[in-house]
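As stored in target-v1.txt (compact mmCIF, C-alpha atoms):
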```txt
# COMPACT_ATOMS: atom_id res chain seq x y z
CA MET A 228 26.30 4.85 -0.67
CA LEU A 229 23.98 7.56 -2.00
CA ASP A 230 24.47 11.11 -0.79
CA ARG A 231 21.72 13.64 -0.13
CA ASP A 232 21.84 15.09 -3.65
CA GLN A 233 21.64 11.66 -5.28
CA ILE A 234 18.68 10.69 -3.08
CA ALA A 235 16.86 13.91 -3.99
CA ALA A 236 17.60 13.40 -7.69
CA ALA A 237 16.25 9.85 -7.61
CA SER A 238 13.07 11.09 -5.94
CA ARG A 239 12.61 13.72 -8.65
CA VAL A 240 13.00 11.14 -11.42
CA LEU A 241 10.35 8.85 -9.91
CA VAL A 242 7.90 11.66 -9.21
CA GLN A 243 8.22 12.99 -12.75
CA HIS A 244 7.47 9.57 -14.20
CA TRP A 245 4.44 9.26 -11.93
CA ARG A 246 3.12 12.67 -13.02
CA ASP A 247 3.74 11.95 -16.70
CA GLY A 248 2.34 8.41 -16.54
CA THR A 249 5.57 7.11 -18.05
CA LYS A 250 7.93 4.27 -17.17
CA LEU A 251 11.66 3.76 -16.82
CA GLU A 252 13.72 0.60 -16.98
CA VAL A 253 15.84 1.22 -13.87
CA LEU A 254 17.27 4.19 -12.03
CA GLU A 255 20.67 5.04 -13.45
CA PRO A 256 23.52 3.46 -11.43
CA ARG A 257 24.52 6.66 -9.60
CA LEU A 258 20.93 7.10 -8.32
CA ARG A 259 20.04 3.46 -7.69
CA PRO A 260 19.44 2.41 -4.05
CA GLN A 261 21.47 -0.55 -2.88
CA ASP A 262 19.45 -1.48 0.21
CA ARG A 263 16.14 -0.89 1.98
CA ALA A 264 17.45 2.14 3.88
CA GLU A 265 18.41 3.95 0.68
CA GLY A 266 15.10 2.94 -0.88
CA TYR A 267 13.17 4.47 2.00
CA ALA A 268 15.31 7.63 1.87
CA ILE A 269 14.33 8.11 -1.79
CA GLN A 270 10.70 7.34 -0.96
CA ALA A 271 10.70 10.05 1.71
CA GLY A 272 11.57 12.53 -1.01
CA LEU A 273 8.40 11.57 -2.88
CA GLU A 274 6.36 12.90 0.03
CA ILE A 275 8.20 16.23 -0.11
CA LEU A 276 7.64 16.55 -3.86
CA SER A 277 4.02 15.36 -3.84
CA ARG A 278 1.16 17.72 -4.59
CA GLY A 279 -0.78 16.05 -1.78
CA THR A 280 -0.28 15.47 1.92
CA LEU A 281 0.42 12.20 3.73
CA PHE A 282 -2.89 10.31 4.01
CA GLY A 283 -1.47 7.09 5.36
CA TRP A 284 0.55 3.99 4.56
CA LYS A 285 0.29 0.88 2.43
CA ILE A 286 1.97 -2.48 2.75
CA ALA A 287 2.99 -4.28 -0.42
CA ALA A 288 3.61 -8.01 -0.61
CA THR A 289 1.94 -9.22 2.57
CA SER A 290 0.68 -12.31 0.73
CA VAL A 291 2.63 -14.99 -1.11
CA SER A 292 0.81 -14.07 -4.33
CA GLY A 293 1.66 -10.40 -3.83
CA GLN A 294 5.31 -11.26 -3.24
CA LYS A 295 5.40 -13.34 -6.42
CA HIS A 296 3.69 -10.53 -8.34
CA ILE A 297 6.57 -8.11 -7.72
CA ASN A 298 9.26 -10.74 -7.06
CA VAL A 299 10.20 -9.90 -3.46
CA THR A 300 10.47 -12.09 -0.36
CA GLY A 301 8.65 -9.96 2.21
CA PRO A 302 6.58 -6.83 2.91
CA LEU A 303 7.44 -3.29 1.82
CA ALA A 304 5.96 -0.06 3.21
CA GLY A 305 4.81 2.84 1.05
CA ARG A 306 3.16 6.22 1.48
CA ILE A 307 -0.45 6.97 0.47
CA MET A 308 -0.71 10.62 -0.57
CA SER A 309 -4.00 12.50 -0.39
CA ASP A 310 -4.02 13.29 -4.11
CA THR A 311 -4.12 9.56 -4.92
CA VAL A 312 -7.23 8.78 -2.84
CA ILE A 313 -10.48 8.12 -4.72
CA ALA A 314 -13.88 8.29 -3.05
CA ASP A 315 -15.73 5.02 -2.51
CA GLY A 316 -17.91 4.26 -5.53
CA GLU A 317 -16.14 6.71 -7.85
CA THR A 318 -13.94 5.93 -10.86
CA ALA A 319 -10.19 5.50 -11.25
CA SER A 320 -8.27 6.34 -14.39
CA MET A 321 -6.31 3.53 -16.02
CA LYS A 322 -4.10 6.01 -17.90
CA GLY A 323 -0.45 5.03 -17.59
CA ASN A 324 -1.25 2.05 -15.35
CA GLU A 325 0.67 -0.97 -16.58
CA MET A 326 0.28 -3.17 -13.49
CA ARG A 327 -3.51 -3.15 -14.00
CA VAL A 328 -4.69 -5.01 -10.91
CA GLY A 329 -7.12 -4.31 -8.07
CA GLU A 330 -6.59 -5.50 -4.52
CA PRO A 331 -9.28 -5.75 -1.78
CA GLU A 332 -7.75 -4.88 1.58
CA PHE A 333 -8.31 -4.52 5.33
CA ALA A 334 -7.53 -0.95 6.42
CA PHE A 335 -7.25 0.78 9.80
CA ARG A 336 -7.32 4.46 10.78
CA MET A 337 -5.14 5.31 13.74
CA GLY A 338 -6.61 7.02 16.79
CA ARG A 339 -3.34 8.05 18.44
CA ASP A 340 0.34 8.38 17.58
CA LEU A 341 2.81 5.53 17.77
CA PRO A 342 6.21 7.27 18.03
CA PRO A 343 9.60 5.60 17.53
CA ARG A 344 11.00 3.75 20.53
CA ALA A 345 13.72 1.23 21.29
CA THR A 346 11.48 -1.83 21.62
CA PRO A 347 9.02 -3.21 19.05
CA TYR A 348 5.30 -2.59 19.41
CA SER A 349 3.17 -5.65 20.11
CA VAL A 350 0.07 -6.39 18.07
CA ASP A 351 -2.10 -5.53 21.08
CA GLU A 352 -0.38 -2.18 21.57
CA VAL A 353 -0.88 -1.24 17.94
CA LEU A 354 -4.53 -2.33 17.95
CA ALA A 355 -5.14 -0.24 21.06
CA ALA A 356 -4.02 2.81 19.08
CA VAL A 357 -6.52 2.16 16.23
CA ASP A 358 -9.66 4.26 15.91
CA THR A 359 -11.65 2.67 13.06
CA PHE A 360 -11.66 -0.24 10.62
CA HIS A 361 -12.41 0.21 6.89
CA PRO A 362 -12.78 -2.00 3.82
CA ALA A 363 -10.51 -0.72 1.06
CA ILE A 364 -9.27 -1.30 -2.48
CA GLU A 365 -5.76 -0.55 -3.64
CA ILE A 366 -4.87 -0.01 -7.29
CA PRO A 367 -1.08 -0.36 -7.36
CA ASP A 368 1.34 0.45 -10.14
CA SER A 369 5.07 0.92 -10.62
CA ARG A 370 7.18 3.54 -12.30
CA PHE A 371 9.38 0.68 -13.53
CA ALA A 372 8.44 -0.94 -16.82
CA ASP A 373 9.58 -4.34 -15.53
CA PHE A 374 8.61 -4.12 -11.88
CA ALA A 375 9.17 -7.84 -11.37
CA SER A 376 12.90 -7.40 -11.94
CA ALA A 377 13.36 -3.99 -10.28
CA GLY A 378 14.32 -5.50 -6.93
CA GLU A 379 13.35 -4.70 -3.35
CA ALA A 380 15.36 -1.49 -2.90
CA GLN A 381 14.11 0.13 -6.11
CA LEU A 382 10.52 -0.91 -5.40
CA ILE A 383 10.70 0.70 -1.96
CA ALA A 384 12.05 3.85 -3.62
CA ASP A 385 9.10 3.53 -6.03
CA ASN A 386 6.80 3.96 -3.02
CA ALA A 387 6.17 0.21 -2.77
CA CYS A 388 4.11 0.41 -5.98
CA ALA A 389 1.60 2.86 -4.50
CA HIS A 390 -0.68 4.39 -7.12
CA LEU A 391 -4.38 4.87 -6.30
CA PHE A 392 -6.42 4.01 -3.20
CA VAL A 393 -10.12 3.71 -2.34
CA LEU A 394 -11.24 3.84 1.30
CA GLY A 395 -14.65 2.57 2.34
CA ALA A 396 -16.67 3.92 5.24
CA ALA A 397 -15.67 3.06 8.80
CA THR A 398 -17.46 -0.06 9.95
CA THR A 399 -20.07 0.12 12.69
CA ALA A 400 -19.51 -3.55 13.53
CA ASN A 401 -17.45 -4.72 16.49
CA TRP A 402 -14.39 -5.58 14.40
CA ARG A 403 -12.23 -5.93 17.51
CA GLY A 404 -14.31 -8.91 18.58
CA MET A 405 -14.01 -10.67 15.21
CA ASP A 406 -11.46 -13.14 13.92
CA LEU A 407 -10.13 -11.15 10.96
CA VAL A 408 -7.95 -14.11 9.97
CA GLU A 409 -11.06 -16.02 8.90
CA GLU A 410 -12.91 -13.12 7.30
CA ARG A 411 -13.68 -13.92 3.65
CA PRO A 412 -14.62 -10.83 1.66
CA LYS A 413 -16.69 -11.46 -1.47
CA ILE A 414 -15.31 -9.73 -4.56
CA MET A 415 -17.21 -9.08 -7.79
CA LEU A 416 -15.48 -8.26 -11.08
CA ARG A 417 -16.89 -8.62 -14.62
CA GLY A 418 -19.72 -10.81 -13.33
CA GLU A 419 -17.31 -13.22 -11.65
CA ARG A 420 -17.23 -13.82 -7.91
CA TYR A 421 -14.02 -14.26 -5.95
CA VAL A 422 -13.43 -14.89 -2.25
CA GLY A 423 -10.62 -13.27 -0.27
CA HIS A 424 -9.24 -14.51 3.02
CA GLY A 425 -7.89 -12.57 5.98
CA LYS A 426 -5.12 -15.10 6.53
CA ASN A 427 -3.61 -14.11 3.16
CA VAL A 428 -2.54 -10.80 4.74
CA LEU A 429 0.70 -11.82 6.47
CA GLY A 430 -1.27 -14.49 8.30
CA ASP A 431 -3.46 -11.87 10.01
CA PRO A 432 -4.29 -8.27 8.98
CA ARG A 433 -3.61 -7.18 12.57
CA VAL A 434 -0.11 -8.65 12.40
CA ALA A 435 0.44 -6.76 9.15
CA LEU A 436 -0.65 -3.53 10.84
CA ALA A 437 1.85 -4.11 13.66
CA TRP A 438 4.54 -4.86 11.07
CA LEU A 439 3.95 -1.44 9.50
CA ALA A 440 4.09 0.32 12.87
CA ASN A 441 7.41 -1.36 13.60
CA GLU A 442 8.81 -0.71 10.12
CA LEU A 443 8.16 3.01 10.68
CA ARG A 444 9.59 2.74 14.19
CA GLY A 445 12.79 1.38 12.70
CA LEU A 446 12.90 4.32 10.28
CA GLY A 447 12.45 6.82 13.09
CA LEU A 448 8.98 7.80 11.85
CA ILE A 449 5.75 8.36 13.75
CA LEU A 450 2.60 6.49 12.75
CA ARG A 451 0.25 9.38 13.44
CA ALA A 452 -3.34 9.64 14.61
CA GLY A 453 -5.66 10.04 11.63
CA GLU A 454 -3.40 8.18 9.22
CA VAL A 455 -4.81 5.14 7.42
CA VAL A 456 -2.89 1.90 7.06
CA THR A 457 -4.00 -0.54 4.35
CA THR A 458 -2.55 -3.94 5.04
CA GLY A 459 -2.21 -5.67 1.66
CA THR A 460 -4.42 -7.71 -0.59
CA CYS A 461 -6.51 -10.53 0.83
CA HIS A 462 -6.87 -12.10 -2.64
CA PRO A 463 -4.35 -12.62 -5.46
CA PRO A 464 -4.21 -9.37 -7.47
CA LEU A 465 -7.19 -9.24 -9.85
CA PRO A 466 -6.62 -8.07 -13.46
CA ILE A 467 -8.61 -4.93 -14.30
CA GLN A 468 -9.25 -2.83 -17.40
CA ALA A 469 -11.15 0.30 -18.41
CA GLY A 470 -14.88 -0.29 -18.14
CA ASP A 471 -14.60 -2.68 -15.20
CA HIS A 472 -16.25 -2.26 -11.81
CA LEU A 473 -14.61 -3.88 -8.78
CA ALA A 474 -16.68 -4.35 -5.61
CA ALA A 475 -15.63 -5.94 -2.33
CA ASP A 476 -18.21 -6.99 0.27
CA PHE A 477 -16.71 -7.51 3.72
CA GLY A 478 -20.05 -8.58 5.21
CA VAL A 479 -20.86 -6.81 8.47
CA LEU A 480 -17.57 -4.92 8.11
CA GLY A 481 -18.89 -2.99 5.10
CA LYS A 482 -18.48 -2.64 1.35
CA VAL A 483 -16.24 -0.70 -1.01
CA SER A 484 -16.18 -0.34 -4.79
CA VAL A 485 -14.52 1.49 -7.67
CA GLY A 486 -14.98 1.75 -11.43
CA PHE A 487 -12.26 2.12 -14.05
CA VAL A 488 -12.07 4.41 -17.06
```
Before anything else, please render the file you have as structure tokens.
Amino acid sequence: MLDRDQIAAASRVLVQHWRDGTKLEVLEPRLRPQDRAEGYAIQAGLEILSRGTLFGWKIAATSVSGQKHINVTGPLAGRIMSDTVIADGETASMKGNEMRVGEPEFAFRMGRDLPPRATPYSVDEVLAAVDTFHPAIEIPDSRFADFASAGEAQLIADNACAHLFVLGAATTANWRGMDLVEERPKIMLRGERYVGHGKNVLGDPRVALAWLANELRGLGLILRAGEVVTTGTCHPPLPIQAGDHLAADFGVLGKVSVGFV
């Protein structure tokens, strides 16, 4: 079991690799988390050490393809820090990014707090606390050179592979009245067209959102008003490289895009 000093040391190692754009094989045995709880404890230290503030939350591995990509069996929560957010239509640096994929996602901004409590939140309760819906693109990466073999606990410590994030404008459409499961965003990359599917996101992006709220509840954390939750890729991760432009068209729900340099 890791003590407070070991948890803090593991956080420092991961943050330094993120800042330097470098990779490590694994955390040394005395700093390596053995379960999800220790992974989240290390992740919490990343927020303390970050140069930004907490912007919101991401969910990794909400789709089967996403789970295969990082070799885990279920979702992982990670923090989105303000200094990793890129404006819609701007460019993202590929420096140090070895995962090199883009992921179109359904995102929600909370309108009121969901504090910890003894019983799980229902999907309807979580949706009632949402303010706005946004199309989004996540650009994940890992501090581990071989992220596929790092394991669940280390990947949680690694902030669930959070790296860069692009948030589109809030939709003006009545998203609450739509079946997000059957939404099929159109994605353009290098002249090729791809089609996402809402059902790829844990069966329903709204279910994924509720999963995140309950994961934080179990950690004793508040999902706060104003925070954004991006719910995981709706299409298998798309390979990207410098010079590419990735655009996702969510129809009446809006558009979002990012270039890469």
Taking all atoms listed in the file into account, which of A:Ala469, A:Ile286, A:Ala377, A:Leu443 comes nearest Glu252 (chain A)?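 Once distances to Glu252 (chain A) are computed over all atoms listed in the file, the minimum belongs to A:Ala377.
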What's the separation between CA of Pro260 (chain A) and CA of Asn324 (chain A), in Å to one decimal place? 23.6 Å
Closest to Gly453 (chain A) among A:Glu255, A:Glu325, A:Asp358, A:Glu265, using all atoms listed in the file?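 Closest to Gly453 (chain A), using all atoms listed in the file: A:Asp358.
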Report, in Å to a single decimal, how far apart CA of Val485 (chain A) and CA of Val291 (chain A) are. 24.7 Å
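Distance check against Leu254 (chain A) using only C-alpha atoms: of A:Asn427, A:Thr457, A:Ser292, A:Gln381, the minimum falls on A:Gln381.
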As an exercise, work out the distance from CA of Tyr421 (chain A) to CA of Ala363 (chain A) in Å and give it to one decimal place. 15.6 Å
What's the 12 Å shell around Leu273 (chain A), counting all atoms listed in the file, without same-chain residues fewer than 5 positions away, as a PyMOL selection string? chain A and resi 234-246+266-268+278-281+305-308+383-387+389
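Compared by their closest atoms to Ile364 (chain A), and using all atoms listed in the file, the residues A:Cys461, A:Leu276, A:Val408, A:Leu341 rank with A:Cys461 nearest.
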Hey, can you pull every residue with an atom no more than 10 Å from (-16.4, -3.1, 14.3), using all atoms listed in the file, and send it as a ChimeraX atom specification? /A:359-361,397-405,479-481
Deliver the residues from the most recent selection as a file, using C-alpha atoms, as an mmCIF file, in the frame of the given file.
```
data_model
loop_
_atom_site.group_PDB
_atom_site.id
_atom_site.type_symbol
_atom_site.label_atom_id
_atom_site.label_comp_id
_atom_site.auth_asym_id
_atom_site.auth_seq_id
_atom_site.Cartn_x
_atom_site.Cartn_y
_atom_site.Cartn_z
ATOM 1 C CA THR A 359 -11.650 2.670 13.060
ATOM 2 C CA PHE A 360 -11.660 -0.240 10.620
ATOM 3 C CA HIS A 361 -12.410 0.210 6.890
ATOM 4 C CA ALA A 397 -15.670 3.060 8.800
ATOM 5 C CA THR A 398 -17.460 -0.060 9.950
ATOM 6 C CA THR A 399 -20.070 0.120 12.690
ATOM 7 C CA ALA A 400 -19.510 -3.550 13.530
ATOM 8 C CA ASN A 401 -17.450 -4.720 16.490
ATOM 9 C CA TRP A 402 -14.390 -5.580 14.400
ATOM 10 C CA ARG A 403 -12.230 -5.930 17.510
ATOM 11 C CA GLY A 404 -14.310 -8.910 18.580
ATOM 12 C CA MET A 405 -14.010 -10.670 15.210
ATOM 13 C CA VAL A 479 -20.860 -6.810 8.470
ATOM 14 C CA LEU A 480 -17.570 -4.920 8.110
ATOM 15 C CA GLY A 481 -18.890 -2.990 5.100
#
```
So, counting only C-alpha atoms, which residue among A:Ala474, A:Ala271, A:Leu354, A:Ala440 is closest to Arg420 (chain A)?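 Comparing A:Ala474, A:Ala271, A:Leu354, A:Ala440 against Arg420 (chain A), the winner is A:Ala474.
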Would you give the centre and edge lengths, in Å to one decimal, of a box along x, y and z around the listed atoms of region 475-488 of chain A, with 3 Å added to each side, as AutoDock Vina command-line options?
```
--center_x -16.5 --center_y -2.1 --center_z -4.3 --size_x 14.8 --size_y 19.0 --size_z 31.5
```
Around (3.3, -2.4, -9.7) in the file's frame, which residues reach within 7 Å when counting all atoms listed in the file? Return as an NGL selection string? :A and (297 or 326 or 367-369 or 374 or 388)
Restricting the calculation to only C-alpha atoms, which member of A:His390, A:Lys285, A:Ala356, A:Gly378 is positioned closest to Asp310 (chain A)?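 The closest residue to Asp310 (chain A) is A:His390.
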